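Novice: Just passing along the structure, written as structure tokens.
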Number of protein chains: 2
Amino acid sequence: MRFSRKNVAGLAPYIPGYQPGPHEDSIKLNTNENPYPPSPVVVGALKDAVDGRLRLYPSPDSSVLRQKLAEAYRVKKEQVFCGNGCDEVISMLFRTFIDREDLVLLPYPTYTYYQTAAEINGSPYRYIETGDRFQIDLERFLDHPAKAAVIVNPNSPTGMLLPRPELVEFIRAFPGLVVVDETYIDFSGPGQSVTPLIEECDNLLVLRTFSKAFSLCGIRVGYAFGHPDLITELDKTRDSYNVSFLSQVAAASALNDLEYTRANIREITANREWLREQLLDLGFQVSPSGANFLFASHPVRPAGELYQRLAERRIYVRHFDQRRIDNHLRISVGARGEVENLVASLKDIMG
Amino acid sequence: MRFSRKNVAGLAPYIPGYQPGPHEDSIKLNTNENPYPPSPVVVGALKDAVDGRLRLYPSPDSSVLRQKLAEAYRVKKEQVFCGNGCDEVISMLFRTFIDREDLVLLPYPTYTYYQTAAEINGSPYRYIETGDRFQIDLERFLDHPAKAAVIVNPNSPTGMLLPRPELVEFIRAFPGLVVVDETYIDFSGPGQSVTPLIEECDNLLVLRTFSKAFSLCGIRVGYAFGHPDLITELDKTRDSYNVSFLSQVAAASALNDLEYTRANIREITANREWLREQLLDLGFQVSPSGANFLFASHPVRPAGELYQRLAERRIYVRHFDQRRIDNHLRISVGARGEVENLVASLKDIMG
């Protein structure tokens with residue numbers, strides 16, 4: 001296309017997981033959505049907010065939501081940023097901090113949108129290979145001078161959680177910006193987040209989301225914690241009104257019912273461990289997971305084939321046709337009935 | 001801030017109009033919001049959509065909404081793009097088409113977010129001065145080789161509409177990308193949009209929004225019409241799920257009640273012409289407006305002073321402290337009672 005920037009012309013877009021149509025009867029375990037609906041408190045707050053106020057612009061900086069996030073996570077309001085989903089925050093990280101010549105380090109494999117965002121930004125990235133069981137080796141990140149390093153923790157698609165002391169030590173030692181993407185941290189057990197470290201380290205941005213633990217993929221609200229100077233810079237590159245009125249209402253009200261979310265997390269964690277046992281019994285290798293999904297491969301049955309056979313039964317899991325991980329499946333942890341159905345189908349398929 | 005890109009470090013952020021608090025009793029005529037609530041069809045559709053589906057990701061490409069926009073505007077679905085407000089589409093235009101060395105032409109004055117977006121992008125822009133009554137001179141845009149030209153039509157903050165044949169001729173003649181921002185075109189009377197020209201001109205992108213005519217600033221949905229190749233490139237640089245589920249529902253349902261929107265447009269247009277007469281009677285100079293706002297200055301009373309005196313009465317209009325326009329007020333057209341109140345207050349203030 002004659003008008004495109006050169007790096008955009010050659011770009012392959014990020015491909016999200018298959019979205020079944022609204023009337024398709026299926027089991028959707030392919031995009032790490034929460035199997036349980038959002039809190040009734042959220043549903044009620046949204047229904048109350050649907051009125052003439054929609055004619056008005058929302059708070060430009062999601063002011064009430066930032067205040068509530070600050071209270072919920074015991075940080076200061078000026079240490080909080082809100083975006084149109086975590087993806088917008090990721091895209092903004094590049095626009096705000098990464099110049100055309102600045103190198104960004106990423107583990108391989110990880111959430112592929114980081115590569116896409118770097119390519120859109122027209123700036124270089126370097127993958128640091130994970131170990132033979134996909135463990136992230138933070139020491140290796142220190143070998144490369146770079147403007148920034150991204151650590152998704154727990155990582156996607158592997159679900160693996162880094163030991164917190166190692167990660168803390170790395171954040172303190174790395175001279176550039178460290179982005180710790182904690183999209184899945186709510187499923188890792190208590191005390192794993194590095195959020196408290198923003199008080200000490202002005203090179204740390206922690207990314208979080210309402211999509212997973214809060215069952216709110218649909219509202220598109222991600223947020224970030226970091227030094228006030230980092231937040232100020234993000235606010236400069238933000239679209240004037242980047243989070244819709246209803247999304248601000250939904251996210252803020254979700255923080256009023258943390259117990260509901262915690263109960264769902266306990267349920268999902270239990271389903272995850274049950275599913276992991278079942279997959280191990282079926283001969284799969286399954287990484288230990290701190291997320292709401294499992295990463296599994298089978299020594300005999302190719303992942304691509306299993307993916308296809310499950311899709312024929314309208315059970316959708318995720319298969320990435322990428323180096324090192326193309327013989328793995330990433331399986332979102334559904335409700336108990338869904339994962340039971342998955343296991344029964346796998347038993348059937350695998351004879 | 002040591003991590004910022006150089007062009008971001010020096011950036012002054014875009015400053016939106018003052019947002020009164022939720023409990024402040026005020027007349028808000030400063031951000032060109034529609035004074036009437038959105039259609040009851042939209043409110044009903046939203047209330048019906050607030051349920052467990054919020055746990056799921058929305059359609060990544062706003063598929064149903066694009067289809068409905070295509071039908072409503074008699075274009076093809078592949079000629080339609082949807083974004084998180086027009087501001088996201090503007091920001092994406094730069095990321096997608098404008099490289100670091102590419103010049104973008106803007107009229108002066110115009111919507112200042114274009115300058116902000118260029119500065120964030122780190123690419124040059126050049127203002128082409130409007131005439132002594134702020135009329136855009138398209139001939140002058142042809143004097144400068146550039147990657148793109150932006151024409152806001154009707155322009156903001158002036159409200160002035162270009163003669164359509166002149167604009168069509170310009171789009172055909174300009175060798176680069178032409179962005180026609182039609183945020184306010186619904187208030188210009190029928191037949192003014194250049195949307196039909198996308199069939200003929202592959203260098204044209206037309207920007208539109210649900211914020212103004214549809215009374216939906218709160219949902220953040222902007223859209224663009226253009227050649228399918230331009231739309232394909234925008235889809236490459238889009239965040240994976242850039243429009244929330246409820247925003248897609250609201251926008252799509254608004255297209256089911258066009259008669260409601262048309263009636264509001266008639267009302268606002270009548271209020272605008274009434275207000276214009278009143279301002280002229282008070283001695284203001286007022287540009288002819290094709291938008292839902294008026295641009296006015298007084299030969300004796302400084303705009304900054306009038307702005308302050310109105311704000312003391314909690315009547316908020318917009319005053320831009322910028323070259324050439326700092327003695328003007330931009331006044332959004334409110335409901336009849338609001339503009340009557342404004343006129344009474346002005347009479348009072350001006351003695």
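Residue numbering restarts at 1 for every chain of the structure tokens, chains are lettered A, B, ... in their displayed order, and ligands are numbered from 1 as they appear.
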Name the residues of region 53-224 of chain B that come out as alpha helix (DSSP H) in a backbone DSSP run; write them as JSON, numbers by chain.
Specialist: {"B": [63, 64, 65, 66, 67, 68, 69, 70, 71, 72, 73, 85, 86, 87, 88, 89, 90, 91, 92, 93, 94, 95, 96, 97, 113, 114, 115, 116, 117, 118, 119, 120, 121, 138, 139, 140, 141, 164, 165, 166, 167, 168, 169, 170, 171, 172, 173]}
Novice: Keeping only N, CA and C atoms, write the selected residues as a CSV table (one decimal), in the first residue's frame.
Specialist:
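That gives us result_31.csv:
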chain,number,residue,atom,x,y,z
B,63,SER,N,-17.0,-6.4,14.2
B,63,SER,CA,-17.6,-6.9,12.9
B,63,SER,C,-19.0,-6.5,12.6
B,64,VAL,N,-19.9,-6.7,13.6
B,64,VAL,CA,-21.3,-6.4,13.4
B,64,VAL,C,-21.5,-4.9,13.2
B,65,LEU,N,-20.7,-4.1,14.0
B,65,LEU,CA,-20.8,-2.6,13.8
B,65,LEU,C,-20.3,-2.2,12.4
B,66,ARG,N,-19.2,-2.7,12.0
B,66,ARG,CA,-18.8,-2.4,10.6
B,66,ARG,C,-19.8,-2.7,9.6
B,67,GLN,N,-20.5,-3.9,9.7
B,67,GLN,CA,-21.5,-4.2,8.8
B,67,GLN,C,-22.6,-3.2,8.8
B,68,LYS,N,-23.1,-2.8,10.0
B,68,LYS,CA,-24.2,-1.9,10.1
B,68,LYS,C,-23.8,-0.5,9.6
B,69,LEU,N,-22.6,-0.1,9.8
B,69,LEU,CA,-22.1,1.2,9.3
B,69,LEU,C,-22.1,1.1,7.7
B,70,ALA,N,-21.6,0.0,7.2
B,70,ALA,CA,-21.6,-0.1,5.7
B,70,ALA,C,-23.0,0.0,5.2
B,71,GLU,N,-24.0,-0.6,5.8
B,71,GLU,CA,-25.3,-0.5,5.3
B,71,GLU,C,-25.9,0.9,5.4
B,72,ALA,N,-25.6,1.5,6.6
B,72,ALA,CA,-26.2,2.8,6.8
B,72,ALA,C,-25.6,3.9,5.9
B,73,TYR,N,-24.3,3.7,5.5
B,73,TYR,CA,-23.7,4.7,4.7
B,73,TYR,C,-23.5,4.3,3.3
B,85,GLY,N,-13.0,5.8,19.8
B,85,GLY,CA,-13.1,7.3,19.6
B,85,GLY,C,-12.3,7.7,18.4
B,86,CYS,N,-12.7,8.9,17.9
B,86,CYS,CA,-12.0,9.4,16.7
B,86,CYS,C,-10.5,9.7,17.1
B,87,ASP,N,-10.2,10.0,18.3
B,87,ASP,CA,-8.9,10.3,18.7
B,87,ASP,C,-8.0,9.1,18.5
B,88,GLU,N,-8.5,7.9,18.8
B,88,GLU,CA,-7.6,6.7,18.5
B,88,GLU,C,-7.4,6.6,17.0
B,89,VAL,N,-8.4,6.8,16.2
B,89,VAL,CA,-8.2,6.7,14.8
B,89,VAL,C,-7.2,7.7,14.3
B,90,ILE,N,-7.2,9.0,14.9
B,90,ILE,CA,-6.2,10.0,14.5
B,90,ILE,C,-4.8,9.5,14.9
B,91,SER,N,-4.7,9.0,16.1
B,91,SER,CA,-3.4,8.5,16.6
B,91,SER,C,-2.9,7.4,15.7
B,92,MET,N,-3.8,6.5,15.3
B,92,MET,CA,-3.4,5.4,14.5
B,92,MET,C,-3.0,5.8,13.1
B,93,LEU,N,-3.7,6.9,12.6
B,93,LEU,CA,-3.3,7.4,11.2
B,93,LEU,C,-1.8,7.7,11.2
B,94,PHE,N,-1.3,8.3,12.2
B,94,PHE,CA,0.1,8.7,12.3
B,94,PHE,C,1.0,7.4,12.4
B,95,ARG,N,0.6,6.5,13.3
B,95,ARG,CA,1.4,5.2,13.4
B,95,ARG,C,1.4,4.4,12.2
B,96,THR,N,0.3,4.5,11.4
B,96,THR,CA,0.2,3.6,10.2
B,96,THR,C,0.8,4.2,9.0
B,97,PHE,N,0.6,5.5,8.8
B,97,PHE,CA,1.0,6.1,7.5
B,97,PHE,C,2.1,7.1,7.5
B,113,TYR,N,-5.6,18.3,18.6
B,113,TYR,CA,-5.1,16.9,18.8
B,113,TYR,C,-4.3,16.4,17.6
B,114,TYR,N,-4.5,17.0,16.4
B,114,TYR,CA,-3.7,16.6,15.3
B,114,TYR,C,-2.2,17.0,15.5
B,115,GLN,N,-2.0,18.2,16.0
B,115,GLN,CA,-0.6,18.6,16.4
B,115,GLN,C,0.0,17.7,17.4
B,116,THR,N,-0.8,17.4,18.5
B,116,THR,CA,-0.3,16.5,19.6
B,116,THR,C,0.0,15.1,19.0
B,117,ALA,N,-0.8,14.6,18.1
B,117,ALA,CA,-0.6,13.3,17.6
B,117,ALA,C,0.7,13.3,16.7
B,118,ALA,N,0.9,14.4,16.0
B,118,ALA,CA,2.2,14.5,15.2
B,118,ALA,C,3.4,14.5,16.1
B,119,GLU,N,3.3,15.3,17.2
B,119,GLU,CA,4.4,15.4,18.1
B,119,GLU,C,4.7,14.1,18.8
B,120,ILE,N,3.7,13.4,19.2
B,120,ILE,CA,3.9,12.0,19.8
B,120,ILE,C,4.6,11.1,18.8
B,121,ASN,N,4.1,11.2,17.5
B,121,ASN,CA,4.7,10.4,16.5
B,121,ASN,C,6.1,10.8,16.1
B,138,LEU,N,-7.6,25.9,0.2
B,138,LEU,CA,-7.1,24.6,-0.2
B,138,LEU,C,-6.0,24.7,-1.3
B,139,GLU,N,-6.0,25.7,-2.1
B,139,GLU,CA,-5.0,25.9,-3.1
B,139,GLU,C,-3.6,26.0,-2.4
B,140,ARG,N,-3.6,26.6,-1.2
B,140,ARG,CA,-2.3,26.7,-0.5
B,140,ARG,C,-1.7,25.4,-0.1
B,141,PHE,N,-2.6,24.4,0.2
B,141,PHE,CA,-2.2,23.1,0.5
B,141,PHE,C,-1.4,22.4,-0.6
B,164,ARG,N,-18.4,22.0,-1.0
B,164,ARG,CA,-18.1,20.6,-1.3
B,164,ARG,C,-17.3,20.5,-2.6
B,165,PRO,N,-17.7,21.2,-3.7
B,165,PRO,CA,-17.0,21.0,-5.0
B,165,PRO,C,-15.5,21.3,-4.8
B,166,GLU,N,-15.2,22.4,-4.1
B,166,GLU,CA,-13.8,22.7,-3.8
B,166,GLU,C,-13.0,21.6,-3.1
B,167,LEU,N,-13.6,21.0,-2.1
B,167,LEU,CA,-13.0,20.0,-1.4
B,167,LEU,C,-12.8,18.7,-2.3
B,168,VAL,N,-13.8,18.4,-3.1
B,168,VAL,CA,-13.7,17.2,-4.0
B,168,VAL,C,-12.6,17.4,-4.9
B,169,GLU,N,-12.5,18.6,-5.5
B,169,GLU,CA,-11.4,18.9,-6.4
B,169,GLU,C,-10.0,18.8,-5.8
B,170,PHE,N,-9.9,19.2,-4.5
B,170,PHE,CA,-8.7,19.1,-3.8
B,170,PHE,C,-8.3,17.7,-3.6
B,171,ILE,N,-9.2,16.9,-3.1
B,171,ILE,CA,-8.9,15.4,-2.9
B,171,ILE,C,-8.4,14.8,-4.1
B,172,ARG,N,-9.0,15.1,-5.3
B,172,ARG,CA,-8.6,14.6,-6.5
B,172,ARG,C,-7.2,15.0,-6.9
B,173,ALA,N,-6.8,16.3,-6.5
B,173,ALA,CA,-5.6,16.9,-7.0
B,173,ALA,C,-4.4,16.6,-6.1
Novice: Would you pick out the contacts of Gln19 (chain B) at 10 Å or less, using only C-alpha atoms, so that residues sharing its chain but fewer than 6 positions from it are not included, and give the list as JSON, numbers by chain?
Specialist: {"A": [56, 57, 58, 59, 60], "B": [28, 30, 31, 316]}
Novice: Suppose we keep C-alpha atoms; can you now write the selection as a PDB file, in the first residue's frame?
Specialist:
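Writing the result to result-v3.pdb gives the following:
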ATOM      1  CA  LEU A  56     -21.016  13.359  28.019  1.00  0.00           C
ATOM      2  CA  TYR A  57     -17.312  12.702  27.694  1.00  0.00           C
ATOM      3  CA  PRO A  58     -15.981  10.405  30.408  1.00  0.00           C
ATOM      4  CA  SER A  59     -13.315  11.451  32.869  1.00  0.00           C
ATOM      5  CA  PRO A  60     -10.236  11.981  30.646  1.00  0.00           C
TER       6      PRO A  60
ATOM      7  CA  LYS B  28     -21.644  22.898  29.962  1.00  0.00           C
ATOM      8  CA  ASN B  30     -17.376  23.752  26.236  1.00  0.00           C
ATOM      9  CA  THR B  31     -16.752  20.340  24.655  1.00  0.00           C
ATOM     10  CA  TYR B 316     -18.677  26.904  30.684  1.00  0.00           C
TER      11      TYR B 316
END
Novice: So which residues of region 303-346 of chain A fall under strand (DSSP E) by DSSP, listed as a list in words?
Specialist: Ile315, Tyr316, Leu329, Arg330, Ile331 and Ser332 of chain A
Novice: Please, what distance in Å, to one decimal, runs between CA of Gln79 (chain A) and CA of Gly226 (chain A)?
Specialist: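 Taking CA of Gln79 (chain A) as the start and CA of Gly226 (chain A) as the end point, the length is 5.1 Å.
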Novice: Do me a favour and pick out the residues of chain A within 7 Å of chain B, using only C-alpha atoms, as a PyMOL selection string.
Specialist: chain A and resi 1+3-5+8+11+13-14+16+33-34+37-38+43+46-47+50-52+54-58+87-88+96-99+120+215-220+229+236-237+239-240+244-245
Novice: With distances taken over only C-alpha atoms, which of A:Asn341, A:Ser123, A:Thr130, A:Asn155 is nearest to Thr110 (chain A)?
Specialist: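 Checking each of A:Asn341, A:Ser123, A:Thr130, A:Asn155 against Thr110 (chain A), counting only C-alpha atoms, the winner is A:Asn155.
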Novice: Tell me which of A:Ile331, A:Ala251, A:Ile325, A:Leu310 sits closest to Met350 (chain A), counting only C-alpha atoms.
Specialist: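 Ranked by minimum distance to Met350 (chain A), first place goes to A:Leu310.
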Novice: Pick the closest to Glu277 (chain A) from A:Leu103, A:Ala254, A:Val343, A:Thr261: which is it, counting only C-alpha atoms?
Specialist: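 Smallest distance to Glu277 (chain A) is found for A:Val343.
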Novice: Using only C-alpha atoms, can you tell me which of B:Leu306, B:Ala263, B:Val206, B:Leu342 comes closest to Asp326 (chain B)?
Specialist: B:Leu306
